[in-house]
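What's in data18.pdb: PDB, C-alpha atoms, pLDDT in the B column
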```
ATOM      1  CA  MET A 171     -64.703 -22.996 -41.548  1.00 48.00           C
ATOM      2  CA  SER A 172     -62.690 -23.050 -38.343  1.00 48.00           C
ATOM      3  CA  ASP A 173     -59.800 -24.700 -40.217  1.00 49.00           C
ATOM      4  CA  ILE A 174     -59.843 -21.970 -42.835  1.00 49.00           C
ATOM      5  CA  PHE A 175     -59.768 -19.200 -40.214  1.00 43.00           C
ATOM      6  CA  HIS A 176     -56.971 -21.027 -38.403  1.00 50.00           C
ATOM      7  CA  GLU A 177     -54.901 -21.201 -41.606  1.00 51.00           C
ATOM      8  CA  VAL A 178     -55.537 -17.528 -42.311  1.00 46.00           C
ATOM      9  CA  ASP A 179     -54.465 -16.655 -38.766  1.00 56.00           C
ATOM     10  CA  GLU A 180     -51.282 -18.697 -39.190  1.00 62.00           C
ATOM     11  CA  ASP A 181     -50.535 -16.942 -42.471  1.00 55.00           C
ATOM     12  CA  VAL A 182     -51.031 -13.539 -40.862  1.00 53.00           C
ATOM     13  CA  ARG A 183     -48.649 -14.442 -37.995  1.00 63.00           C
ATOM     14  CA  ARG A 184     -46.048 -15.719 -40.446  1.00 64.00           C
ATOM     15  CA  ASP A 185     -46.302 -12.532 -42.470  1.00 61.00           C
ATOM     16  CA  LYS A 186     -45.900 -10.399 -39.336  1.00 65.00           C
ATOM     17  CA  ALA A 187     -42.917 -12.467 -38.200  1.00 59.00           C
ATOM     18  CA  ALA A 188     -41.331 -12.183 -41.660  1.00 62.00           C
ATOM     19  CA  ASN A 189     -41.861  -8.417 -41.683  1.00 66.00           C
ATOM     20  CA  LEU A 190     -40.424  -8.077 -38.184  1.00 59.00           C
ATOM     21  CA  TRP A 191     -37.377 -10.121 -39.144  1.00 59.00           C
ATOM     22  CA  LYS A 192     -36.835  -8.039 -42.293  1.00 65.00           C
ATOM     23  CA  ARG A 193     -37.115  -4.905 -40.226  1.00 66.00           C
ATOM     24  CA  TYR A 194     -34.849  -5.897 -37.302  1.00 61.00           C
ATOM     25  CA  GLN A 195     -32.572  -8.583 -38.726  1.00 59.00           C
ATOM     26  CA  THR A 196     -29.613  -6.201 -39.126  1.00 66.00           C
ATOM     27  CA  PRO A 197     -29.515  -4.932 -35.503  1.00 62.00           C
ATOM     28  CA  VAL A 198     -30.141  -8.453 -34.188  1.00 57.00           C
ATOM     29  CA  ILE A 199     -27.278  -9.892 -36.234  1.00 60.00           C
ATOM     30  CA  VAL A 200     -24.990  -6.995 -35.275  1.00 57.00           C
ATOM     31  CA  GLY A 201     -25.905  -7.371 -31.591  1.00 54.00           C
ATOM     32  CA  ALA A 202     -25.223 -11.096 -31.643  1.00 58.00           C
ATOM     33  CA  PHE A 203     -21.908 -10.466 -33.400  1.00 52.00           C
ATOM     34  CA  LEU A 204     -20.907  -7.889 -30.777  1.00 54.00           C
ATOM     35  CA  VAL A 205     -21.744 -10.296 -27.939  1.00 57.00           C
ATOM     36  CA  VAL A 206     -19.548 -12.964 -29.518  1.00 56.00           C
ATOM     37  CA  VAL A 207     -16.714 -10.488 -30.099  1.00 54.00           C
ATOM     38  CA  ALA A 208     -16.973  -9.086 -26.550  1.00 55.00           C
ATOM     39  CA  THR A 209     -16.933 -12.567 -25.052  1.00 56.00           C
ATOM     40  CA  GLY A 210     -13.928 -13.529 -27.118  1.00 53.00           C
ATOM     41  CA  ALA A 211     -12.110 -10.295 -26.265  1.00 53.00           C
ATOM     42  CA  TYR A 212     -12.749 -10.739 -22.539  1.00 49.00           C
ATOM     43  CA  SER A 213     -11.519 -14.337 -22.662  1.00 54.00           C
ATOM     44  CA  PHE A 214      -8.407 -13.213 -24.530  1.00 49.00           C
ATOM     45  CA  TYR A 215      -7.818 -10.408 -22.007  1.00 50.00           C
ATOM     46  CA  GLU A 216      -8.238 -12.752 -19.021  1.00 53.00           C
ATOM     47  CA  SER A 217      -5.939 -15.328 -20.567  1.00 62.00           C
ATOM     48  CA  ASN A 218      -3.245 -12.723 -21.229  1.00 57.00           C
ATOM     49  CA  ARG A 219      -3.680 -11.206 -17.767  1.00 62.00           C
ATOM     50  CA  ILE A 220      -3.220 -14.561 -16.077  1.00 74.00           C
ATOM     51  CA  LYS A 221      -0.204 -15.378 -18.254  1.00 70.00           C
ATOM     52  CA  ALA A 222       1.333 -11.963 -17.506  1.00 66.00           C
ATOM     53  CA  ALA A 223       0.768 -12.405 -13.766  1.00 74.00           C
ATOM     54  CA  GLU A 224       2.254 -15.908 -13.824  1.00 79.00           C
ATOM     55  CA  GLY A 225       5.273 -14.694 -15.776  1.00 79.00           C
ATOM     56  CA  ALA A 226       5.777 -11.747 -13.435  1.00 80.00           C
ATOM     57  CA  ASN A 227       5.528 -14.033 -10.419  1.00 84.00           C
ATOM     58  CA  VAL A 228       8.260 -16.305 -11.791  1.00 87.00           C
ATOM     59  CA  ARG A 229      10.548 -13.374 -12.620  1.00 88.00           C
ATOM     60  CA  PHE A 230       9.920 -11.681  -9.285  1.00 87.00           C
ATOM     61  CA  GLY A 231      10.663 -14.923  -7.439  1.00 90.00           C
ATOM     62  CA  ALA A 232      13.890 -15.380  -9.372  1.00 91.00           C
ATOM     63  CA  ALA A 233      15.032 -11.843  -8.514  1.00 89.00           C
ATOM     64  CA  ALA A 234      14.118 -12.348  -4.860  1.00 89.00           C
ATOM     65  CA  ALA A 235      16.144 -15.587  -4.816  1.00 93.00           C
ATOM     66  CA  LEU A 236      19.157 -13.713  -6.191  1.00 91.00           C
ATOM     67  CA  ALA A 237      18.761 -11.115  -3.426  1.00 88.00           C
ATOM     68  CA  THR A 238      18.688 -13.875  -0.812  1.00 88.00           C
ATOM     69  CA  GLN A 239      21.915 -15.265  -2.271  1.00 92.00           C
ATOM     70  CA  GLY A 240      23.564 -11.873  -1.857  1.00 88.00           C
ATOM     71  CA  LYS A 241      23.725 -11.203  -5.603  1.00 91.00           C
ATOM     72  CA  SER A 242      22.492  -7.657  -5.257  1.00 89.00           C
ATOM     73  CA  ALA A 243      23.364  -6.363  -8.731  1.00 90.00           C
ATOM     74  CA  GLU A 244      21.698  -9.311 -10.477  1.00 92.00           C
ATOM     75  CA  ALA A 245      18.668  -9.057  -8.190  1.00 90.00           C
ATOM     76  CA  LEU A 246      18.327  -5.338  -8.903  1.00 91.00           C
ATOM     77  CA  ALA A 247      18.417  -5.987 -12.639  1.00 92.00           C
ATOM     78  CA  GLY A 248      15.717  -8.640 -12.207  1.00 92.00           C
ATOM     79  CA  PHE A 249      13.450  -6.356 -10.219  1.00 90.00           C
ATOM     80  CA  GLU A 250      13.900  -3.548 -12.732  1.00 92.00           C
ATOM     81  CA  SER A 251      12.870  -5.933 -15.489  1.00 90.00           C
ATOM     82  CA  VAL A 252       9.668  -6.723 -13.610  1.00 89.00           C
ATOM     83  CA  ILE A 253       8.996  -3.017 -13.093  1.00 91.00           C
ATOM     84  CA  LYS A 254       9.097  -2.347 -16.846  1.00 90.00           C
ATOM     85  CA  ASP A 255       6.301  -4.610 -18.046  1.00 86.00           C
ATOM     86  CA  ALA A 256       4.710  -6.553 -15.187  1.00 84.00           C
ATOM     87  CA  PRO A 257       1.138  -5.988 -13.948  1.00 85.00           C
ATOM     88  CA  LYS A 258       0.767  -3.096 -11.541  1.00 87.00           C
ATOM     89  CA  GLY A 259       0.824  -5.120  -8.315  1.00 86.00           C
ATOM     90  CA  TYR A 260       4.014  -6.965  -9.170  1.00 87.00           C
ATOM     91  CA  ALA A 261       5.596  -3.801 -10.547  1.00 90.00           C
ATOM     92  CA  THR A 262       4.971  -1.980  -7.263  1.00 91.00           C
ATOM     93  CA  LEU A 263       6.413  -4.846  -5.215  1.00 90.00           C
ATOM     94  CA  ALA A 264       9.429  -4.904  -7.515  1.00 91.00           C
ATOM     95  CA  ARG A 265       9.918  -1.156  -6.989  1.00 93.00           C
ATOM     96  CA  LEU A 266      10.029  -1.703  -3.222  1.00 92.00           C
ATOM     97  CA  ARG A 267      12.464  -4.592  -3.499  1.00 92.00           C
ATOM     98  CA  ALA A 268      14.630  -2.700  -5.971  1.00 93.00           C
ATOM     99  CA  ALA A 269      14.877   0.187  -3.521  1.00 93.00           C
ATOM    100  CA  GLU A 270      15.876  -2.299  -0.811  1.00 91.00           C
ATOM    101  CA  GLU A 271      18.679  -3.573  -3.019  1.00 92.00           C
ATOM    102  CA  MET A 272      19.817  -0.016  -3.782  1.00 92.00           C
ATOM    103  CA  ALA A 273      20.157   0.562  -0.040  1.00 91.00           C
ATOM    104  CA  GLN A 274      22.979  -2.010  -0.007  1.00 88.00           C
ATOM    105  CA  SER A 275      25.251   0.171  -2.115  1.00 88.00           C
ATOM    106  CA  ASP A 276      23.716   3.613  -2.604  1.00 93.00           C
ATOM    107  CA  LYS A 277      21.520   4.742   0.285  1.00 94.00           C
ATOM    108  CA  THR A 278      20.868   8.182  -1.183  1.00 94.00           C
ATOM    109  CA  LYS A 279      19.528   6.598  -4.371  1.00 95.00           C
ATOM    110  CA  ALA A 280      17.458   4.190  -2.273  1.00 94.00           C
ATOM    111  CA  VAL A 281      15.854   7.071  -0.358  1.00 95.00           C
ATOM    112  CA  ALA A 282      14.947   8.739  -3.660  1.00 96.00           C
ATOM    113  CA  ALA A 283      13.390   5.467  -4.892  1.00 95.00           C
ATOM    114  CA  PHE A 284      11.351   5.009  -1.710  1.00 94.00           C
ATOM    115  CA  ASP A 285      10.244   8.654  -1.816  1.00 95.00           C
ATOM    116  CA  ALA A 286       9.104   8.231  -5.425  1.00 96.00           C
ATOM    117  CA  ILE A 287       6.896   5.308  -4.396  1.00 94.00           C
ATOM    118  CA  ALA A 288       5.527   7.261  -1.425  1.00 93.00           C
ATOM    119  CA  ALA A 289       4.609  10.170  -3.713  1.00 94.00           C
ATOM    120  CA  ASP A 290       3.015   8.013  -6.428  1.00 94.00           C
ATOM    121  CA  LYS A 291      -0.756   8.564  -6.320  1.00 92.00           C
ATOM    122  CA  GLY A 292      -1.273   5.394  -8.297  1.00 92.00           C
ATOM    123  CA  VAL A 293       0.089   3.316  -5.401  1.00 91.00           C
ATOM    124  CA  ASP A 294      -2.184   2.267  -2.549  1.00 91.00           C
ATOM    125  CA  LYS A 295      -1.933   4.206   0.721  1.00 91.00           C
ATOM    126  CA  LEU A 296      -0.405   1.417   2.803  1.00 90.00           C
ATOM    127  CA  THR A 297       2.395   0.844   0.295  1.00 91.00           C
ATOM    128  CA  GLN A 298       3.047   4.597   0.217  1.00 92.00           C
ATOM    129  CA  GLN A 299       3.428   4.589   3.999  1.00 92.00           C
ATOM    130  CA  VAL A 300       5.694   1.524   3.960  1.00 92.00           C
ATOM    131  CA  ALA A 301       7.928   3.310   1.449  1.00 93.00           C
ATOM    132  CA  LYS A 302       8.018   6.441   3.593  1.00 93.00           C
ATOM    133  CA  LEU A 303       8.915   4.392   6.679  1.00 92.00           C
ATOM    134  CA  ARG A 304      11.749   2.622   4.851  1.00 93.00           C
ATOM    135  CA  ALA A 305      13.043   5.934   3.499  1.00 94.00           C
ATOM    136  CA  GLY A 306      13.121   7.255   7.060  1.00 92.00           C
ATOM    137  CA  LEU A 307      15.078   4.235   8.292  1.00 92.00           C
ATOM    138  CA  VAL A 308      17.649   4.582   5.510  1.00 94.00           C
ATOM    139  CA  LEU A 309      17.995   8.276   6.339  1.00 93.00           C
ATOM    140  CA  LEU A 310      18.635   7.270   9.946  1.00 89.00           C
ATOM    141  CA  GLU A 311      21.440   4.998   8.746  1.00 89.00           C
ATOM    142  CA  LEU A 312      22.857   7.984   6.858  1.00 90.00           C
ATOM    143  CA  GLY A 313      22.764  10.079  10.030  1.00 88.00           C
ATOM    144  CA  GLU A 314      20.159  12.432   8.552  1.00 90.00           C
ATOM    145  CA  ARG A 315      18.151  12.691  11.770  1.00 87.00           C
ATOM    146  CA  GLN A 316      16.112  15.738  10.813  1.00 89.00           C
ATOM    147  CA  LYS A 317      15.102  14.308   7.440  1.00 91.00           C
ATOM    148  CA  MET A 318      14.263  11.033   9.161  1.00 90.00           C
ATOM    149  CA  ALA A 319      12.128  12.907  11.696  1.00 89.00           C
ATOM    150  CA  ASP A 320      10.331  14.696   8.858  1.00 89.00           C
ATOM    151  CA  HIS A 321       9.450  11.374   7.206  1.00 91.00           C
ATOM    152  CA  PHE A 322       8.293   9.786  10.443  1.00 89.00           C
ATOM    153  CA  GLY A 323       6.465  12.944  11.468  1.00 86.00           C
ATOM    154  CA  GLU A 324       4.291  12.696   8.371  1.00 85.00           C
ATOM    155  CA  LEU A 325       3.462   9.089   9.272  1.00 89.00           C
ATOM    156  CA  VAL A 326       2.685   9.947  12.902  1.00 88.00           C
ATOM    157  CA  THR A 327       0.110  12.530  11.872  1.00 83.00           C
ATOM    158  CA  ALA A 328      -1.420  10.273   9.210  1.00 73.00           C
ATOM    159  CA  ASP A 329      -4.298   7.943   9.970  1.00 77.00           C
ATOM    160  CA  GLY A 330      -2.547   4.699   9.152  1.00 80.00           C
ATOM    161  CA  PRO A 331      -1.362   1.486  10.807  1.00 83.00           C
ATOM    162  CA  LEU A 332       2.307   2.538  10.709  1.00 89.00           C
ATOM    163  CA  ARG A 333       1.886   5.658  12.825  1.00 89.00           C
ATOM    164  CA  TYR A 334       2.689   3.778  16.028  1.00 90.00           C
ATOM    165  CA  THR A 335       5.815   2.222  14.541  1.00 91.00           C
ATOM    166  CA  ALA A 336       6.979   5.657  13.404  1.00 91.00           C
ATOM    167  CA  GLN A 337       6.300   7.076  16.868  1.00 91.00           C
ATOM    168  CA  GLU A 338       8.269   4.256  18.504  1.00 91.00           C
ATOM    169  CA  LEU A 339      11.217   4.787  16.165  1.00 90.00           C
ATOM    170  CA  LEU A 340      11.211   8.513  16.893  1.00 90.00           C
ATOM    171  CA  GLY A 341      11.380   7.751  20.599  1.00 90.00           C
ATOM    172  CA  LEU A 342      14.194   5.212  20.194  1.00 88.00           C
ATOM    173  CA  ASP A 343      16.195   7.612  18.045  1.00 88.00           C
ATOM    174  CA  ALA A 344      15.794  10.366  20.634  1.00 88.00           C
ATOM    175  CA  LEU A 345      16.810   7.940  23.412  1.00 85.00           C
ATOM    176  CA  GLN A 346      19.865   6.857  21.410  1.00 84.00           C
ATOM    177  CA  ASP A 347      20.792  10.516  20.956  1.00 86.00           C
ATOM    178  CA  SER A 348      20.324  11.180  24.696  1.00 85.00           C
ATOM    179  CA  ASP A 349      17.479  13.577  23.929  1.00 88.00           C
ATOM    180  CA  LEU A 350      15.595  12.364  26.984  1.00 88.00           C
ATOM    181  CA  ASP A 351      12.818  14.941  26.900  1.00 90.00           C
ATOM    182  CA  GLU A 352      11.906  14.111  23.293  1.00 90.00           C
ATOM    183  CA  ALA A 353      12.113  10.380  24.000  1.00 89.00           C
ATOM    184  CA  ASP A 354       9.843  10.800  27.012  1.00 91.00           C
ATOM    185  CA  ARG A 355       7.317  12.701  24.907  1.00 92.00           C
ATOM    186  CA  ALA A 356       7.353  10.103  22.128  1.00 91.00           C
ATOM    187  CA  PHE A 357       6.839   7.126  24.451  1.00 91.00           C
ATOM    188  CA  LYS A 358       4.099   8.886  26.395  1.00 92.00           C
ATOM    189  CA  VAL A 359       2.163   9.375  23.137  1.00 91.00           C
ATOM    190  CA  ILE A 360       2.073   5.596  22.687  1.00 91.00           C
ATOM    191  CA  LEU A 361       1.343   4.859  26.354  1.00 92.00           C
ATOM    192  CA  ASN A 362      -1.567   7.297  26.414  1.00 91.00           C
ATOM    193  CA  ASP A 363      -3.125   6.036  23.163  1.00 89.00           C
ATOM    194  CA  GLN A 364      -5.638   3.313  23.968  1.00 89.00           C
ATOM    195  CA  GLU A 365      -5.791   2.337  20.283  1.00 88.00           C
ATOM    196  CA  ALA A 366      -2.079   1.537  20.148  1.00 89.00           C
ATOM    197  CA  PRO A 367      -1.293  -2.200  19.925  1.00 89.00           C
ATOM    198  CA  HIS A 368      -0.886  -3.812  23.336  1.00 91.00           C
ATOM    199  CA  ALA A 369       2.584  -5.173  22.560  1.00 92.00           C
ATOM    200  CA  MET A 370       3.758  -1.742  21.456  1.00 90.00           C
ATOM    201  CA  ARG A 371       2.439  -0.118  24.612  1.00 92.00           C
ATOM    202  CA  GLN A 372       4.316  -2.720  26.632  1.00 93.00           C
ATOM    203  CA  ARG A 373       7.517  -1.876  24.779  1.00 92.00           C
ATOM    204  CA  ALA A 374       6.909   1.838  25.306  1.00 91.00           C
ATOM    205  CA  SER A 375       6.561   1.153  29.028  1.00 93.00           C
ATOM    206  CA  ALA A 376       9.885  -0.708  28.999  1.00 92.00           C
ATOM    207  CA  TYR A 377      11.539   2.125  27.082  1.00 89.00           C
ATOM    208  CA  LYS A 378      10.135   4.590  29.586  1.00 88.00           C
ATOM    209  CA  ALA A 379      11.712   2.570  32.390  1.00 89.00           C
ATOM    210  CA  LEU A 380      15.083   2.739  30.598  1.00 84.00           C
ATOM    211  CA  LEU A 381      14.568   6.444  30.135  1.00 84.00           C
ATOM    212  CA  ASP A 382      13.840   6.979  33.822  1.00 83.00           C
ATOM    213  CA  ALA A 383      16.895   4.914  34.735  1.00 83.00           C
ATOM    214  CA  ALA A 384      19.062   7.030  32.421  1.00 76.00           C
ATOM    215  CA  ARG A 385      17.778  10.164  34.075  1.00 76.00           C
ATOM    216  CA  GLY A 386      18.606   8.872  37.531  1.00 70.00           C
ATOM    217  CA  PRO A 387      16.683   9.505  40.732  1.00 65.00           C
ATOM    218  CA  VAL A 388      14.548  12.592  40.820  1.00 57.00           C
ATOM    219  CA  PRO A 389      16.022  15.015  43.386  1.00 58.00           C
ATOM    220  CA  PRO A 390      13.710  15.738  46.303  1.00 59.00           C
ATOM    221  CA  ALA A 391      11.854  19.002  46.165  1.00 55.00           C
ATOM    222  CA  ALA A 392      13.440  21.757  48.194  1.00 56.00           C
ATOM    223  CA  ALA A 393      11.769  22.346  51.534  1.00 55.00           C
ATOM    224  CA  PRO A 394      10.050  25.712  51.855  1.00 61.00           C
ATOM    225  CA  ALA A 395      12.041  28.296  53.723  1.00 58.00           C
ATOM    226  CA  ALA A 396      11.172  28.625  57.388  1.00 57.00           C
ATOM    227  CA  PRO A 397       9.408  31.868  58.239  1.00 61.00           C
ATOM    228  CA  VAL A 398      11.558  34.467  59.926  1.00 58.00           C
ATOM    229  CA  PRO A 399      10.437  35.007  63.516  1.00 59.00           C
ATOM    230  CA  GLY A 400       8.810  38.349  63.948  1.00 58.00           C
ATOM    231  CA  GLY A 401       8.394  38.818  60.197  1.00 53.00           C
ATOM    232  CA  ALA A 402      10.728  40.313  57.670  1.00 52.00           C
ATOM    233  CA  LYS A 403      12.596  43.427  58.697  1.00 47.00           C
TER     234      LYS A 403
END
```
Serialized structure, structure tokens:
Amino acid sequence: MSDIFHEVDEDVRRDKAANLWKRYQTPVIVGAFLVVVATGAYSFYESNRIKAAEGANVRFGAAAALATQGKSAEALAGFESVIKDAPKGYATLARLRAAEEMAQSDKTKAVAAFDAIAADKGVDKLTQQVAKLRAGLVLLELGERQKMADHFGELVTADGPLRYTAQELLGLDALQDSDLDEADRAFKVILNDQEAPHAMRQRASAYKALLDAARGPVPPAAAPAAPVPGGAK
């Protein structure tokens, strides 16, 4: 009897399994198909991403080599090619290098290119600040001191690693222009900031010494007038 009940139990389980399969076979098959498709799509995406990055790296390196050889026009064309279709990271680097090449022949155009990178919200903050710093330096080469100061002023007030460099450059520019009061103010900002890099504070101290030397000895304070005997008449 136990064998009979066992066979009946087996038949019942088989029937339940068959019914469950009939009921859920479509979603199970579809789910398995989607997993296979998703896995294949991800593998295809990763393969293409790696190939694109490798291709961009080769093209970027070739353009950089042309720049090193002094072939500015060819290098610029190479960087612009990378900008068009390379992955975002390489495209951003190529934009920076392209702007550097523009600075060799057209500084105004280079400033516009650096400013465009600095204003691009899709670019990381550090790269934005690097672009703003380079734009300021090119403006300094153009003699646009106020525009340069505006660019560096934005960096000085920003919470970023380049604020000290911008402050130092503002001080050096003021010292070069014999604006001793402004130079003194700029270098004191660095000297009084305990978070400023040690090497930069040392340079600021040296600049301050040059500044004091340029100013010459401080005249002695005038002695107070002697009181008039018997008081004022």
Report as a JSON list (two decimals) with C-alpha atoms, keeping the file's coordinate frame the residues that result from applying the PyMOL selection byres ((chain A and resi 324) around 10) to the structure here.
```
[["chain", "number", "residue", "atom", "x", "y", "z"],
["A", 299, "GLN", "CA", 3.43, 4.59, 4.00],
["A", 302, "LYS", "CA", 8.02, 6.44, 3.59],
["A", 303, "LEU", "CA", 8.91, 4.39, 6.68],
["A", 319, "ALA", "CA", 12.13, 12.91, 11.70],
["A", 320, "ASP", "CA", 10.33, 14.70, 8.86],
["A", 321, "HIS", "CA", 9.45, 11.37, 7.21],
["A", 322, "PHE", "CA", 8.29, 9.79, 10.44],
["A", 323, "GLY", "CA", 6.46, 12.94, 11.47],
["A", 325, "LEU", "CA", 3.46, 9.09, 9.27],
["A", 326, "VAL", "CA", 2.68, 9.95, 12.90],
["A", 327, "THR", "CA", 0.11, 12.53, 11.87],
["A", 328, "ALA", "CA", -1.42, 10.27, 9.21],
["A", 329, "ASP", "CA", -4.30, 7.94, 9.97],
["A", 333, "ARG", "CA", 1.89, 5.66, 12.82],
["A", 336, "ALA", "CA", 6.98, 5.66, 13.40]]
```
Could you tell me which residues the PyMOL selection byres ((chain A and resi 234-239) around 10) grabs in this file, written as a CSV table (one decimal) with C-alpha atoms, in the frame of the given file?
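Produced file result.csv, reproduced below:
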```csv
chain,number,residue,atom,x,y,z
A,228,VAL,CA,8.3,-16.3,-11.8
A,229,ARG,CA,10.5,-13.4,-12.6
A,230,PHE,CA,9.9,-11.7,-9.3
A,231,GLY,CA,10.7,-14.9,-7.4
A,232,ALA,CA,13.9,-15.4,-9.4
A,233,ALA,CA,15.0,-11.8,-8.5
A,240,GLY,CA,23.6,-11.9,-1.9
A,241,LYS,CA,23.7,-11.2,-5.6
A,242,SER,CA,22.5,-7.7,-5.3
A,243,ALA,CA,23.4,-6.4,-8.7
A,244,GLU,CA,21.7,-9.3,-10.5
A,245,ALA,CA,18.7,-9.1,-8.2
A,246,LEU,CA,18.3,-5.3,-8.9
A,248,GLY,CA,15.7,-8.6,-12.2
A,249,PHE,CA,13.4,-6.4,-10.2
A,264,ALA,CA,9.4,-4.9,-7.5
A,267,ARG,CA,12.5,-4.6,-3.5
A,268,ALA,CA,14.6,-2.7,-6.0
A,270,GLU,CA,15.9,-2.3,-0.8
A,271,GLU,CA,18.7,-3.6,-3.0
```
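Closest approach to A:Gln316 among A:Asp276, A:Glu338, A:Asp343, A:Asp363 is made by A:Asp343 (distances from only C-alpha atoms).
The interatomic distance for the pair atom CA of A:Gln337 and atom CA of A:Ala288 works out to 18.3 Å.
When you apply the PyMOL selection byres ((chain A and resi 300) around 10) to this structure, what comes back is Leu266, Phe284, Ile287, Ala288, Lys295, Leu296, Thr297, Gln298, Gln299, Ala301, Lys302, Leu303, Arg304, Ala305, Gly306, Leu325, Pro331 and Leu332 of chain A.
Interatomic distance, atom CA of A:Leu340 to atom CA of A:Ala356: 6.7 Å.
Closest approach to A:Glu250 from the set A:Asn362, A:Leu312, A:Lys277, A:Ala283 is made by A:Ala283, with distances taken over all atoms listed in the file.
With all atoms listed in the file as the atoms that count, the minimum distance from A:Leu307 to the choices A:Ser348, A:Ser275, A:Ser251, A:Thr335 is reached by A:Thr335.
Atom to atom, atom CA of A:Gly259 and atom CA of A:Asp294 stand 9.8 Å apart.
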Among A:Ala344, A:Val281, A:Tyr334, A:Ala384, A:Ala369 is approached most closely, using all atoms listed in the file, by A:Tyr334
Could I see stretch 356-361 of chain A restored to all heavy atoms, set down as an mmCIF file, in the frame of the given file?
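Below is the file that was written, result.cif:
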```
data_model
loop_
_atom_site.group_PDB
_atom_site.id
_atom_site.type_symbol
_atom_site.label_atom_id
_atom_site.label_comp_id
_atom_site.auth_asym_id
_atom_site.auth_seq_id
_atom_site.Cartn_x
_atom_site.Cartn_y
_atom_site.Cartn_z
ATOM 1 N N ALA A 356 7.748 11.079 23.147
ATOM 2 C CA ALA A 356 7.353 10.103 22.128
ATOM 3 C C ALA A 356 6.749 8.855 22.767
ATOM 4 O O ALA A 356 5.712 8.347 22.311
ATOM 5 C CB ALA A 356 8.565 9.723 21.279
ATOM 6 N N PHE A 357 7.351 8.347 23.823
ATOM 7 C CA PHE A 357 6.839 7.126 24.451
ATOM 8 C C PHE A 357 5.524 7.376 25.180
ATOM 9 O O PHE A 357 4.655 6.512 25.227
ATOM 10 C CB PHE A 357 7.882 6.552 25.403
ATOM 11 C CG PHE A 357 9.136 6.079 24.715
ATOM 12 C CD1 PHE A 357 10.388 6.354 25.243
ATOM 13 C CD2 PHE A 357 9.054 5.379 23.521
ATOM 14 C CE1 PHE A 357 11.538 5.923 24.605
ATOM 15 C CE2 PHE A 357 10.206 4.945 22.864
ATOM 16 C CZ PHE A 357 11.458 5.219 23.408
ATOM 17 N N LYS A 358 5.367 8.570 25.723
ATOM 18 C CA LYS A 358 4.099 8.886 26.395
ATOM 19 C C LYS A 358 2.938 8.924 25.400
ATOM 20 O O LYS A 358 1.808 8.578 25.762
ATOM 21 C CB LYS A 358 4.211 10.230 27.114
ATOM 22 C CG LYS A 358 4.918 10.148 28.461
ATOM 23 C CD LYS A 358 4.955 11.514 29.136
ATOM 24 C CE LYS A 358 5.610 11.429 30.511
ATOM 25 N NZ LYS A 358 5.712 12.772 31.161
ATOM 26 N N VAL A 359 3.215 9.351 24.159
ATOM 27 C CA VAL A 359 2.163 9.375 23.137
ATOM 28 C C VAL A 359 1.611 7.967 22.939
ATOM 29 O O VAL A 359 0.388 7.759 22.856
ATOM 30 C CB VAL A 359 2.704 9.943 21.812
ATOM 31 C CG1 VAL A 359 1.702 9.713 20.679
ATOM 32 C CG2 VAL A 359 2.998 11.430 21.951
ATOM 33 N N ILE A 360 2.511 6.988 22.874
ATOM 34 C CA ILE A 360 2.073 5.596 22.687
ATOM 35 C C ILE A 360 1.357 5.087 23.932
ATOM 36 O O ILE A 360 0.299 4.456 23.846
ATOM 37 C CB ILE A 360 3.281 4.701 22.363
ATOM 38 C CG1 ILE A 360 3.928 5.151 21.051
ATOM 39 C CG2 ILE A 360 2.853 3.235 22.264
ATOM 40 C CD1 ILE A 360 5.214 4.413 20.703
ATOM 41 N N LEU A 361 1.930 5.353 25.098
ATOM 42 C CA LEU A 361 1.343 4.859 26.354
ATOM 43 C C LEU A 361 -0.050 5.423 26.591
ATOM 44 O O LEU A 361 -0.912 4.740 27.153
ATOM 45 C CB LEU A 361 2.255 5.219 27.531
ATOM 46 C CG LEU A 361 3.553 4.407 27.641
ATOM 47 C CD1 LEU A 361 4.481 5.029 28.677
ATOM 48 C CD2 LEU A 361 3.241 2.966 28.006
#
```
